[in-house]
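File shown here: input_0.txt, holding compact mmCIF, C-alpha atoms and all ligand atoms.
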```
# COMPACT_ATOMS: atom_id res chain seq x y z
CA MET A 79 1.95 -6.55 -10.59
CA SER A 80 -0.25 -5.13 -13.33
CA THR A 81 -1.05 -1.69 -11.99
CA SER A 82 -1.74 0.28 -15.16
CA LYS A 83 -5.48 0.31 -14.68
CA LEU A 84 -5.55 1.42 -11.04
CA TYR A 85 -6.10 5.15 -11.02
CA GLN A 86 -5.80 7.59 -8.14
CA ILE A 87 -8.89 9.60 -7.23
CA ILE A 88 -7.07 12.06 -4.98
CA PRO A 89 -5.71 15.13 -6.79
CA SER A 90 -1.90 15.42 -6.56
CA GLU A 91 -2.16 18.96 -5.13
CA VAL A 92 -4.09 17.55 -2.17
CA CYS A 93 -1.34 15.03 -1.42
CA PHE A 94 1.44 17.60 -1.85
CA SER A 95 -0.04 19.65 0.99
CA CYS A 96 -0.77 16.66 3.25
CA ASP A 97 1.70 15.24 5.75
CA VAL A 98 0.36 11.71 6.24
CA CYS A 99 1.81 9.49 3.52
CA CYS A 100 5.41 8.29 3.24
CA ARG A 101 6.20 9.34 6.84
CA PHE A 102 6.29 6.97 9.80
CA LEU A 103 6.68 7.16 13.55
CA GLU A 104 8.94 4.12 13.93
CA ALA A 105 12.01 2.91 12.05
CA ASP A 106 10.47 -0.55 11.76
CA SER A 107 6.91 0.52 11.05
CA PRO A 108 4.86 -2.37 9.65
CA LEU A 109 3.20 0.21 7.41
CA ALA A 110 6.36 0.86 5.39
CA PRO A 111 5.64 -0.01 1.76
CA ILE A 112 6.00 -3.51 0.39
CA PHE A 113 7.46 -4.07 -3.08
CA THR A 114 6.78 -7.22 -5.05
CA GLU A 115 9.83 -8.95 -6.49
CA THR A 116 9.08 -7.48 -9.92
CA GLU A 117 8.62 -3.97 -8.51
CA LYS A 118 11.84 -4.26 -6.50
CA GLN A 119 13.89 -5.45 -9.47
CA HIS A 120 12.56 -2.62 -11.59
CA ILE A 121 13.47 0.03 -9.01
CA ILE A 122 16.93 -1.52 -8.55
CA SER A 123 17.43 -1.46 -12.33
CA GLN A 124 16.72 2.27 -12.10
CA GLY A 125 19.56 2.71 -9.60
CA ALA A 126 18.06 2.00 -6.16
CA ASP A 127 20.36 0.33 -3.63
CA PRO A 128 19.39 -3.34 -3.09
CA ILE A 129 20.15 -3.08 0.64
CA LEU A 130 17.09 -0.84 1.02
CA PHE A 131 14.84 -3.87 0.56
CA GLN A 132 14.13 -6.28 3.42
CA PRO A 133 12.90 -9.74 2.33
CA GLN A 134 9.47 -10.70 3.66
CA ALA A 135 7.99 -13.95 4.89
CA ASP A 136 6.33 -14.80 1.57
CA GLY A 137 9.80 -15.25 0.06
CA LYS A 138 9.03 -12.88 -2.81
CA SER A 139 8.24 -9.37 -1.63
CA SER A 140 10.37 -6.87 0.28
CA GLN A 141 9.67 -4.04 2.68
CA ILE A 142 11.58 -0.80 2.28
CA LYS A 143 13.96 0.27 5.04
CA LEU A 144 12.95 3.65 6.39
CA LYS A 145 15.40 6.43 7.14
CA LEU A 146 15.48 8.94 9.95
CA HIS A 147 14.32 12.44 9.08
CA LYS A 148 14.09 15.00 11.89
CA ASP A 149 12.11 13.24 14.64
CA PHE A 150 10.35 10.69 12.43
CA TYR A 151 11.13 8.26 9.61
CA ILE A 152 10.55 8.52 5.89
CA CYS A 153 10.57 6.24 2.90
CA PRO A 154 13.99 6.67 1.22
CA PHE A 155 12.19 7.57 -2.02
CA PHE A 156 10.31 10.45 -0.39
CA GLU A 157 11.59 13.98 -0.96
CA PRO A 158 10.53 15.96 2.13
CA GLU A 159 11.48 19.32 0.61
CA THR A 160 8.90 18.94 -2.15
CA SER A 161 6.61 16.23 -0.69
CA ARG A 162 7.21 14.27 -3.91
CA CYS A 163 7.87 10.57 -4.44
CA SER A 164 11.05 10.22 -6.51
CA ILE A 165 9.78 6.97 -8.04
CA TYR A 166 6.16 8.07 -8.42
CA ALA A 167 5.63 6.57 -11.89
CA ASN A 168 7.04 3.26 -10.63
CA ARG A 169 5.83 3.34 -7.04
CA PRO A 170 4.67 -0.05 -5.80
CA PHE A 171 1.10 -1.33 -5.87
CA ASP A 172 1.07 -0.97 -2.07
CA CYS A 173 1.50 2.81 -2.47
CA GLN A 174 -0.77 3.08 -5.50
CA LEU A 175 -3.56 1.48 -3.52
CA TYR A 176 -3.47 3.91 -0.58
CA PRO A 177 -5.75 5.22 1.00
CA PHE A 178 -7.25 1.82 0.30
CA ALA A 179 -5.80 -0.87 2.49
CA LEU A 180 -5.45 -4.59 1.88
CA MET A 181 -5.43 -6.38 5.22
CA PHE A 182 -6.66 -9.30 7.29
CA ASN A 183 -9.90 -8.73 9.14
CA GLU A 184 -9.88 -8.58 12.92
CA ASP A 185 -10.45 -12.37 13.21
CA ARG A 186 -7.75 -13.13 10.63
CA ASN A 187 -10.05 -15.38 8.68
CA SER A 188 -10.62 -13.14 5.64
CA VAL A 189 -8.75 -10.65 3.52
CA VAL A 190 -10.56 -7.34 3.28
CA LEU A 191 -10.32 -3.99 1.54
CA GLY A 192 -10.96 -0.78 3.40
CA VAL A 193 -10.33 2.94 3.37
CA ASP A 194 -7.86 4.34 5.88
CA MET A 195 -9.62 7.12 7.74
CA LEU A 196 -6.22 8.64 8.53
CA CYS A 197 -6.29 9.94 4.96
CA PRO A 198 -8.11 13.28 5.29
CA PHE A 199 -9.33 13.16 1.69
CA GLY A 200 -10.74 9.65 2.08
CA GLU A 201 -12.37 10.54 5.38
CA ALA A 202 -13.99 13.68 3.92
CA HIS A 203 -15.11 12.16 0.59
CA LEU A 204 -16.03 8.62 1.56
CA GLU A 205 -19.77 9.13 1.14
CA THR A 206 -19.60 11.02 -2.15
CA GLU A 207 -20.85 9.37 -5.32
CA ALA A 208 -17.45 9.77 -7.00
CA PHE A 209 -15.65 8.06 -4.14
CA GLN A 210 -18.21 5.26 -3.97
CA GLN A 211 -17.74 4.67 -7.70
CA HIS A 212 -14.02 4.61 -7.14
CA LEU A 213 -14.47 1.98 -4.42
CA GLN A 214 -16.10 -0.27 -7.02
CA HIS A 215 -13.22 0.37 -9.42
CA VAL A 216 -10.68 -0.60 -6.74
CA ILE A 217 -12.60 -3.78 -5.88
CA SER A 218 -12.79 -4.79 -9.55
CA TYR A 219 -9.11 -4.09 -10.03
CA VAL A 220 -7.96 -5.99 -6.95
CA GLU A 221 -10.25 -8.93 -7.73
CA SER A 222 -9.04 -9.22 -11.32
CA GLU A 223 -7.36 -12.55 -11.93
CA THR A 224 -3.87 -11.16 -12.56
CA VAL A 225 -3.82 -8.96 -9.48
CA MET A 226 -5.24 -11.67 -7.23
CA GLU A 227 -2.53 -14.06 -8.43
CA GLN A 228 0.15 -11.49 -7.66
CA ILE A 229 -1.24 -10.76 -4.20
CA ALA A 230 -1.46 -14.48 -3.42
CA ALA A 231 2.18 -14.92 -4.48
CA ASN A 232 3.29 -11.81 -2.55
CA TRP A 233 1.03 -12.29 0.44
CA SER A 234 3.17 -10.15 2.72
CA LEU A 235 1.33 -7.31 0.96
CA ILE A 236 -1.62 -8.15 3.19
CA GLY A 237 -1.26 -5.97 6.24
CA GLU A 238 -2.21 -6.25 9.87
CA TYR A 239 -5.76 -5.35 10.80
CA GLN A 240 -5.92 -1.62 11.55
CA ASP A 241 -8.84 -0.10 13.39
CA THR A 242 -8.36 3.19 11.52
CA VAL A 243 -9.43 1.41 8.32
CA LYS A 244 -13.12 1.36 7.44
CA VAL A 245 -13.72 -2.05 5.88
CA PHE A 246 -16.02 -2.08 2.87
CA HIS A 247 -15.37 -5.37 1.12
CA THR A 248 -14.32 -8.95 1.83
CA LEU A 249 -12.14 -10.15 -1.00
CA ASN A 250 -12.73 -13.26 -3.02
CA GLN A 251 -12.24 -16.23 -0.67
CA LYS A 252 -9.76 -17.75 -3.13
CA LEU A 253 -7.29 -15.14 -1.92
CA THR A 254 -7.97 -15.90 1.72
CA HIS A 255 -7.34 -19.60 1.09
CA ALA A 256 -4.04 -18.84 -0.63
CA THR A 257 -2.63 -16.87 2.30
CA PRO A 258 -1.68 -17.68 5.90
CA THR A 259 -4.25 -16.86 8.57
CA ILE A 260 -1.51 -15.49 10.81
CA ASN A 261 -0.11 -12.40 9.17
CA PRO A 262 3.68 -12.60 8.90
CA ARG A 263 4.15 -9.28 7.10
CA ARG A 264 7.24 -8.40 9.07
S1 LIG B 301 -3.11 10.69 3.39
FE1 LIG B 301 -4.46 10.84 1.60
S2 LIG B 301 -4.42 13.02 1.01
FE2 LIG B 301 -2.68 12.66 2.41
S3 LIG B 301 -0.94 12.23 1.06
FE3 LIG B 301 -1.85 10.25 1.59
S4 LIG B 301 -3.33 9.77 -0.04
FE4 LIG B 301 -2.82 11.97 -0.18
S1 LIG B 302 7.52 4.66 -2.68
FE1 LIG B 302 6.90 6.77 -3.00
S2 LIG B 302 4.70 6.81 -2.54
FE2 LIG B 302 5.54 4.93 -1.65
S3 LIG B 302 6.04 5.47 0.49
FE3 LIG B 302 7.90 5.77 -0.78
S4 LIG B 302 7.87 7.93 -1.34
FE4 LIG B 302 5.81 7.40 -0.66
```
For the file at hand, write its structure as structure tokens.
Amino acid sequence: MSTSKLYQIIPSEVCFSCDVCCRFLEADSPLAPIFTETEKQHIISQGADPILFQPQADGKSSQIKLKLHKDFYICPFFEPETSRCSIYANRPFDCQLYPFALMFNEDRNSVVLGVDMLCPFGEAHLETEAFQQHLQHVISYVESETVMEQIAANWSLIGEYQDTVKVFHTLNQKLTHATPTINPRR
């Protein structure tokens, strides 16, 4: 996945003092990050254990296995003591995209982009000019030919519809036609 041009609008200091990302309520949360085959191989080449990656229905991508931490679950690459991601520079597209979400719409007949209102920064800044400009950047990035091809090939990246996500764009129908209408992410 070509991710070099997708930039993050949320300052790191904001994320370091937030407790939303990288933590999950269930061991088998469907929201655990998805790695494309290329992303997975790169992380494994850096020393990650291959058994951490669960193959997904698209036959290419993998979902990370979460681990128990206190009374919830965390991504194995998350460092709870510092709130840092140990693979931040190589974190998957799925994580780079957040708080933007790639998912099927409620009727499962389109693939949409939205902003997860569970992200306090996204919720508070959604209407600002800077955030609206960033929305356009994210749309352009995701709809670029290379990224669309990668998403179509790794379609388990497309998540379940979530009612916490404010939908702002229906993606190019070519992507919808390349993916199943029933989401088999898990
Ligand atoms: S929820 Fe938003 S502010 Fe909190 S860590 Fe995630 S991206 Fe950062
Ligand atoms: S890969 Fe990094 S950013 Fe993504 S969920 Fe794991 S710790 Fe968080």
- Message: Using only C-alpha atoms and all ligand atoms, which residues of the polymer chains come no farther than 12 Å from ligand LIG 301 (chain B)? I'd like the answer as number ranges by chain.
- Response: A: 86-102, 156, 161-163, 172-179, 193-204
How big is the axis-aligned box around all listed atoms of ligand LIG 302 (chain B) once 6 Å goes on each side, and where's its centre, in Å to one decimal, as AutoDock Vina command-line options?
```
--center_x 6.3 --center_y 6.3 --center_z -1.3 --size_x 15.2 --size_y 15.3 --size_z 15.5
```
- Message: What's the separation between CA of Pro154 in chain A and CA of Ser123 in chain A, in Å to one decimal place?
- Response: 16.2 Å
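Take CA of Ile229 in chain A and CA of Gln119 in chain A: the distance between them is 16.9 Å.
A straight line drawn from CA of Pro258 in chain A to CA of Val216 in chain A is 23.1 Å long.
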